[in-house]
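Printed here is upload.cif (mmCIF, C-alpha atoms):
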```cif
data_entry
#
loop_
_atom_site.label_atom_id
_atom_site.label_comp_id
_atom_site.auth_asym_id
_atom_site.auth_seq_id
_atom_site.Cartn_x
_atom_site.Cartn_y
_atom_site.Cartn_z
CA MET A 1 38.13 -63.82 -9.95
CA GLN A 2 39.01 -67.07 -8.26
CA THR A 3 42.28 -68.67 -7.17
CA VAL A 4 42.93 -71.96 -8.96
CA VAL A 5 45.70 -74.46 -9.66
CA GLY A 6 46.08 -76.45 -12.88
CA VAL A 7 46.42 -80.22 -12.45
CA ARG A 8 47.36 -82.90 -14.95
CA PHE A 9 46.71 -86.60 -14.44
CA LYS A 10 48.84 -87.78 -17.36
CA LYS A 11 52.12 -86.53 -18.83
CA ALA A 12 50.53 -84.76 -21.80
CA GLY A 13 46.97 -84.82 -20.57
CA LYS A 14 44.45 -82.04 -20.39
CA ILE A 15 44.84 -79.49 -17.60
CA TYR A 16 41.98 -79.23 -15.10
CA TYR A 17 41.44 -76.41 -12.60
CA PHE A 18 40.92 -77.05 -8.89
CA ASP A 19 40.46 -74.89 -5.81
CA PRO A 20 43.67 -75.01 -3.70
CA GLY A 21 41.92 -73.59 -0.63
CA THR A 22 44.49 -72.65 2.01
CA LEU A 23 47.00 -75.36 1.06
CA PRO A 24 50.53 -74.07 0.27
CA ILE A 25 50.61 -75.61 -3.20
CA VAL A 26 53.23 -74.77 -5.84
CA SER A 27 53.88 -76.00 -9.36
CA GLY A 28 55.46 -79.45 -9.31
CA ASP A 29 53.58 -80.71 -6.25
CA ASN A 30 51.64 -83.96 -6.42
CA VAL A 31 48.12 -83.71 -5.02
CA ILE A 32 44.99 -85.74 -4.33
CA VAL A 33 41.84 -84.20 -5.79
CA GLU A 34 38.18 -85.09 -6.06
CA THR A 35 36.85 -85.63 -9.59
CA VAL A 36 33.69 -86.99 -11.15
CA ARG A 37 35.48 -90.35 -11.32
CA GLY A 38 36.41 -90.32 -7.65
CA LEU A 39 39.71 -89.56 -5.95
CA GLU A 40 42.61 -88.97 -8.35
CA TYR A 41 46.36 -88.42 -8.04
CA GLY A 42 47.73 -85.62 -10.20
CA SER A 43 50.61 -83.19 -10.66
CA VAL A 44 50.29 -79.42 -10.35
CA VAL A 45 51.53 -77.86 -13.60
CA ILE A 46 50.07 -74.38 -13.04
CA GLY A 47 50.68 -72.79 -9.66
CA PRO A 48 48.06 -70.71 -7.81
CA ARG A 49 46.74 -67.89 -9.95
CA GLN A 50 43.68 -65.72 -10.34
CA VAL A 51 41.30 -66.75 -13.13
CA ASP A 52 38.13 -65.03 -14.29
CA ASP A 53 34.96 -66.84 -13.23
CA LYS A 54 33.81 -67.19 -16.86
CA ASP A 55 36.94 -69.22 -17.70
CA ILE A 56 36.25 -72.01 -15.21
CA VAL A 57 33.52 -74.59 -14.73
CA THR A 58 31.76 -74.02 -11.43
CA PRO A 59 31.46 -75.28 -8.80
CA LEU A 60 35.21 -75.80 -8.61
CA LYS A 61 36.24 -79.02 -6.91
CA PRO A 62 38.83 -78.71 -4.13
CA VAL A 63 42.34 -80.08 -3.74
CA LEU A 64 41.96 -82.45 -0.81
CA ARG A 65 45.62 -82.65 0.21
CA LYS A 66 49.19 -82.86 -0.94
CA ALA A 67 50.15 -86.38 -1.94
CA THR A 68 52.08 -88.37 0.65
CA ALA A 69 54.68 -91.09 0.21
CA GLU A 70 51.92 -93.64 0.80
CA ASP A 71 49.85 -92.09 -2.00
CA THR A 72 52.80 -92.31 -4.40
CA ALA A 73 53.35 -95.94 -3.44
CA LYS A 74 49.67 -96.66 -4.10
CA VAL A 75 49.97 -95.12 -7.57
CA ARG A 76 52.93 -97.41 -8.35
CA GLU A 77 50.90 -100.36 -7.11
CA ASN A 78 47.99 -99.35 -9.35
CA ARG A 79 50.34 -99.15 -12.36
CA GLN A 80 51.33 -102.77 -11.76
CA LYS A 81 47.68 -103.75 -11.40
CA GLU A 82 46.97 -102.05 -14.74
CA LYS A 83 49.47 -104.35 -16.47
CA ASP A 84 47.81 -107.39 -14.92
CA ALA A 85 44.34 -106.11 -15.88
CA PHE A 86 45.54 -105.54 -19.45
CA ARG A 87 46.50 -109.20 -19.79
CA VAL A 88 43.22 -110.38 -18.28
CA CYS A 89 41.17 -108.16 -20.58
CA GLU A 90 43.04 -109.37 -23.67
CA GLN A 91 42.25 -112.95 -22.69
CA LYS A 92 38.57 -112.10 -22.22
CA ILE A 93 38.44 -110.30 -25.58
CA ALA A 94 39.90 -113.36 -27.29
CA ALA A 95 37.46 -115.64 -25.46
CA HIS A 96 34.49 -113.58 -26.69
CA ASN A 97 36.05 -113.28 -30.17
CA LEU A 98 35.46 -109.53 -30.26
CA PRO A 99 36.94 -107.46 -33.16
CA MET A 100 38.59 -104.89 -30.93
CA LYS A 101 42.14 -103.90 -29.97
CA LEU A 102 42.91 -103.11 -26.35
CA VAL A 103 45.13 -100.02 -26.10
CA ASP A 104 45.44 -99.08 -22.43
CA VAL A 105 44.05 -99.68 -18.95
CA GLU A 106 43.64 -97.00 -16.31
CA PHE A 107 42.84 -97.42 -12.61
CA THR A 108 41.45 -94.48 -10.69
CA PHE A 109 43.46 -93.68 -7.58
CA ASP A 110 40.91 -95.23 -5.22
CA VAL A 111 40.28 -98.13 -7.64
CA ASN A 112 36.63 -97.06 -7.70
CA LYS A 113 36.65 -97.60 -11.47
CA ILE A 114 38.80 -99.32 -14.10
CA ILE A 115 38.76 -97.86 -17.61
CA PHE A 116 39.73 -99.99 -20.60
CA TYR A 117 40.56 -98.05 -23.76
CA PHE A 118 40.20 -99.81 -27.11
CA THR A 119 39.97 -99.22 -30.85
CA ALA A 120 37.64 -100.92 -33.30
CA GLU A 121 36.36 -100.43 -36.83
CA GLY A 122 32.74 -100.02 -35.77
CA ARG A 123 30.41 -100.40 -32.82
CA ILE A 124 31.11 -103.33 -30.51
CA ASP A 125 28.63 -105.17 -28.29
CA PHE A 126 30.83 -105.65 -25.21
CA ARG A 127 28.13 -106.15 -22.57
CA GLU A 128 29.18 -109.73 -21.83
CA LEU A 129 32.83 -108.64 -21.67
CA VAL A 130 31.95 -105.99 -19.07
CA LYS A 131 30.15 -108.60 -16.96
CA ASP A 132 33.20 -110.89 -17.06
CA LEU A 133 35.58 -108.07 -16.12
CA ALA A 134 33.32 -106.90 -13.29
CA ALA A 135 33.25 -110.46 -11.93
CA VAL A 136 37.05 -110.60 -11.94
CA PHE A 137 37.88 -107.13 -10.54
CA ARG A 138 34.72 -106.51 -8.46
CA THR A 139 34.59 -102.79 -9.18
CA ARG A 140 33.04 -100.46 -11.74
CA ILE A 141 34.17 -101.19 -15.30
CA GLU A 142 34.14 -98.78 -18.22
CA LEU A 143 35.10 -99.66 -21.79
CA ARG A 144 35.88 -96.56 -23.84
CA GLN A 145 36.36 -96.61 -27.61
CA ILE A 146 38.99 -94.14 -28.83
CA GLY A 147 40.25 -92.90 -32.20
CA VAL A 148 43.60 -93.46 -33.87
CA ARG A 149 45.02 -90.11 -32.70
CA ASP A 150 44.23 -90.96 -29.08
CA GLU A 151 45.78 -94.39 -29.61
CA ALA A 152 49.04 -92.84 -30.82
CA LYS A 153 49.03 -90.46 -27.84
CA MET A 154 48.70 -93.36 -25.40
CA MET A 155 51.10 -95.74 -27.14
CA ASN A 156 53.78 -93.10 -27.86
CA GLY A 157 56.40 -93.56 -30.57
CA ILE A 158 58.89 -91.78 -32.81
CA GLY A 159 57.76 -89.38 -35.52
CA CYS A 160 59.33 -88.92 -38.95
CA CYS A 161 61.38 -86.05 -37.46
CA GLY A 162 63.15 -88.52 -35.17
CA ARG A 163 61.64 -87.11 -31.98
CA THR A 164 59.01 -88.60 -29.68
CA LEU A 165 55.45 -87.78 -30.70
CA CYS A 166 54.24 -84.27 -29.84
CA CYS A 167 50.85 -85.62 -28.74
CA SER A 168 52.39 -87.85 -26.09
CA THR A 169 55.02 -85.29 -25.03
CA PHE A 170 53.30 -81.95 -24.52
CA LEU A 171 50.06 -81.53 -26.51
CA GLY A 172 47.19 -81.51 -24.05
CA ASP A 173 44.47 -81.30 -26.71
CA PHE A 174 44.25 -82.16 -30.38
CA GLU A 175 43.57 -79.24 -32.70
CA PRO A 176 42.02 -79.53 -36.17
CA VAL A 177 44.59 -79.93 -38.96
CA SER A 178 43.66 -79.50 -42.62
CA ILE A 179 45.32 -80.21 -45.95
CA ARG A 180 45.09 -76.45 -46.59
CA MET A 181 47.78 -75.90 -43.95
CA ALA A 182 50.20 -78.09 -45.90
CA LYS A 183 49.31 -76.32 -49.15
CA ASP A 184 49.89 -72.87 -47.64
CA GLN A 185 53.37 -73.99 -46.54
CA ASN A 186 54.22 -75.32 -50.02
CA LEU A 187 54.66 -78.84 -48.65
CA SER A 188 54.12 -82.04 -50.55
CA LEU A 189 50.44 -82.97 -50.66
CA ASN A 190 51.33 -86.66 -50.71
CA PRO A 191 49.43 -88.10 -47.70
CA MET A 192 52.32 -90.48 -46.98
CA LYS A 193 54.67 -87.53 -46.41
CA ILE A 194 52.44 -85.31 -44.27
CA SER A 195 50.71 -87.94 -42.11
CA GLY A 196 51.82 -89.09 -38.67
CA ILE A 197 52.03 -92.65 -37.42
CA CYS A 198 48.34 -92.43 -36.52
CA GLY A 199 47.51 -92.07 -40.21
CA ARG A 200 46.12 -88.55 -39.77
CA LEU A 201 47.69 -85.27 -40.84
CA MET A 202 50.65 -84.38 -38.61
CA CYS A 203 49.86 -82.07 -35.70
CA CYS A 204 52.98 -80.00 -36.44
CA LEU A 205 51.37 -78.67 -39.64
CA LYS A 206 49.39 -76.42 -37.30
CA TYR A 207 52.41 -74.87 -35.59
CA GLU A 208 53.35 -72.40 -38.34
CA SER A 209 50.05 -72.23 -40.20
CA ASP A 210 49.30 -68.74 -38.88
CA CYS A 211 52.52 -67.44 -40.46
CA TYR A 212 51.60 -68.88 -43.84
CA GLY A 213 47.87 -68.60 -43.68
CA SER A 214 45.32 -65.88 -43.05
CA CYS A 215 47.59 -63.83 -40.78
CA CYS A 216 50.10 -63.31 -43.56
CA LYS A 217 47.54 -62.98 -46.32
CA ARG A 218 45.88 -60.07 -44.56
CA GLN A 219 49.22 -58.28 -44.83
CA GLY A 220 49.29 -58.71 -48.58
CA PRO A 221 51.69 -61.32 -50.00
CA PRO A 222 51.67 -61.34 -53.81
CA ASP A 223 49.69 -64.01 -55.62
CA LEU A 224 51.52 -66.80 -57.40
CA GLY A 225 51.87 -65.96 -61.08
CA ALA A 226 51.17 -62.27 -60.56
CA GLU A 227 53.10 -59.87 -62.80
CA VAL A 228 55.19 -57.56 -60.65
CA ILE A 229 57.78 -54.81 -60.85
CA THR A 230 60.99 -55.06 -58.84
CA VAL A 231 64.13 -52.98 -58.53
CA GLU A 232 65.76 -55.27 -61.11
CA GLY A 233 62.91 -55.27 -63.60
CA GLU A 234 59.60 -56.93 -64.35
CA GLY A 235 58.77 -60.56 -63.69
CA LYS A 236 56.30 -63.05 -62.26
CA VAL A 237 55.87 -64.39 -58.73
CA HIS A 238 57.24 -67.93 -58.78
CA TYR A 239 57.22 -68.82 -55.07
CA VAL A 240 56.06 -67.24 -51.79
CA ASN A 241 57.78 -67.88 -48.44
CA GLY A 242 55.32 -67.01 -45.68
CA ALA A 243 57.78 -67.50 -42.82
CA LYS A 244 60.44 -65.20 -44.27
CA ARG A 245 57.86 -62.84 -45.83
CA THR A 246 59.69 -63.00 -49.15
CA ALA A 247 58.78 -63.99 -52.70
CA MET A 248 60.83 -65.56 -55.47
CA ILE A 249 60.46 -63.55 -58.68
CA LEU A 250 61.25 -65.00 -62.10
CA LEU A 251 62.51 -62.03 -64.11
CA LYS A 252 61.98 -61.71 -67.84
CA ASP A 253 65.69 -62.25 -68.52
CA GLY A 254 65.49 -65.65 -66.76
CA LYS A 255 67.10 -64.58 -63.50
CA GLN A 256 65.49 -65.41 -60.15
CA LEU A 257 65.29 -62.84 -57.40
CA GLU A 258 64.13 -63.34 -53.80
CA ILE A 259 62.96 -60.10 -52.23
CA PRO A 260 60.72 -58.97 -49.33
CA TRP A 261 57.03 -58.46 -50.06
CA GLU A 262 57.27 -54.77 -49.22
CA GLU A 263 59.61 -54.20 -52.18
CA ILE A 264 57.23 -55.75 -54.71
CA VAL A 265 54.85 -53.65 -56.80
CA GLU A 266 52.17 -55.48 -58.80
CA LYS A 267 51.59 -54.30 -62.36
CA GLU A 268 48.23 -52.67 -62.99
#
```
As structure tokens, please, write out the structure in this file.
Amino acid sequence: MQTVVGVRFKKAGKIYYFDPGTLPIVSGDNVIVETVRGLEYGSVVIGPRQVDDKDIVTPLKPVLRKATAEDTAKVRENRQKEKDAFRVCEQKIAAHNLPMKLVDVEFTFDVNKIIFYFTAEGRIDFRELVKDLAAVFRTRIELRQIGVRDEAKMMNGIGCCGRTLCCSTFLGDFEPVSIRMAKDQNLSLNPMKISGICGRLMCCLKYESDCYGSCCKRQGPPDLGAEVITVEGEGKVHYVNGAKRTAMILLKDGKQLEIPWEEIVEKE
């Protein structure tokens, strides 16, 4: 077992574990840590706790110190520099006539590296662009191509539910979403109705999939169209509600009856 703290570098970014050492760190503190990219400024979202050695990547990098007022001011300064770098990069992209869309710019805390995130239809030869950017900023430059889901996470926006996007609010990682999840929940299979602004299936289809999917099926919901016997007579299963664990039965006399699965007996 090892004592760790969980640190995020972006609002809905992935959580990374660091060794707090003897520092009196609690959740909500801002800290300076050492990463593979250099020094970074992050927020502690998981306070000190014991974690099994197999659940962490060793060797664990240390938390160098709690962030000071000067560190916070430097982060604000870097955010302004990112806006300026965004404009410069867009001008350079236009000058090289490259078929790419700049999405975001990120400075590391110590400005040891500047990362430019972009989207494009295919592979882009941006070697000359990197040379131009390195000449302007005189530091390490990285251009990173991202997908449409990552673009939506960075850009943020409003979903069809009227709330800000889950991916940019609290989802640290993207999980696979399949059309089967929509089918199990009896949702429309029209891609326009079950896709997010990124054009991919909505992440929220995953939230209740366990209730409708294999978890429920192992407990025996009736099959659609199955002939069953209920307390009010015989009929066929017309609809299954996985969340409520009920089924709508169309009785032979034309009546519809919604009853729990446990009260349904399939005809032999």
Could you list, as a VMD selection string, every residue within 12 Å of region 86-92 of chain A, counting all atoms listed in the file and ignoring same-chain residues fewer than 2 positions away? chain A and resid 79 to 84 94 to 107 114 to 118 126 128 to 137 141 to 143
Specify as a list in words each residue included when the PyMOL selection byres ((chain A and resi 19) around 9) is applied to this file. Gln2, Thr3, Val4, Val5, Tyr17, Phe18, Pro20, Gly21, Pro48, Leu60, Lys61, Pro62 and Val63 of chain A
Applied to the shown file, which residues does the PyMOL selection byres ((chain A and resi 6-10) around 6) return, written as a ChimeraX atom specification? /A:5,11-13,15-17,42-46
Taking only C-alpha atoms into account, which of A:Met192, A:Met1, A:Gln185, A:Arg65 comes nearest Asp53 (chain A)?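 Closest to Asp53 (chain A), using only C-alpha atoms: A:Met1.
The list of residues with at least one atom within 8 Å of Ile249 (chain A), based on all atoms listed in the file and without residues fewer than 5 positions apart in the same chain, reads Gly235, Lys236, Val237, His238, Tyr239, Gln256, Leu257, Glu258 and Ile259 of chain A.
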Hits of the PyMOL selection byres ((chain A and resi 200-214) around 8) in this structure, as a list in words: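 When the PyMOL selection byres ((chain A and resi 200-214) around 8) is applied, the selected residues are Arg149, Cys166, Cys167, Phe174, Glu175, Val177, Ser178, Ile179, Met181, Ala182, Asp184, Gln185, Pro191, Ile194, Ser195, Gly196, Ile197, Cys198, Gly199, Cys215, Cys216, Lys217, Arg218, Asn241, Gly242 and Ala243 of chain A.
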Rank nothing, just name the residue among A:Asp52, A:Asn30, A:Val111, A:Ile93 nearest to Asn78 (chain A), using only C-alpha atoms. A:Val111
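Distance-wise, CA of Ala85 (chain A) and CA of Gly122 (chain A) end up 23.8 Å apart.
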Could you write out as lines of an AutoDock Vina configuration file the box around region 124-129 of chain A (axis-aligned, all atoms listed in the file, 6 Å on each side), with centre and edge lengths in Å to one decimal?
```
center_x = 30.5
center_y = -106.5
center_z = -26.1
size_x = 16.7
size_y = 18.4
size_z = 20.8
```
Suppose you want the space between CA of Met248 (chain A) and CA of Pro222 (chain A); what is it in Å?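 Separation of CA of Met248 (chain A) and CA of Pro222 (chain A): 10.2 Å.
As for CA of Asp125 (chain A) and CA of Ile146 (chain A), they are spaced 15.1 Å apart.
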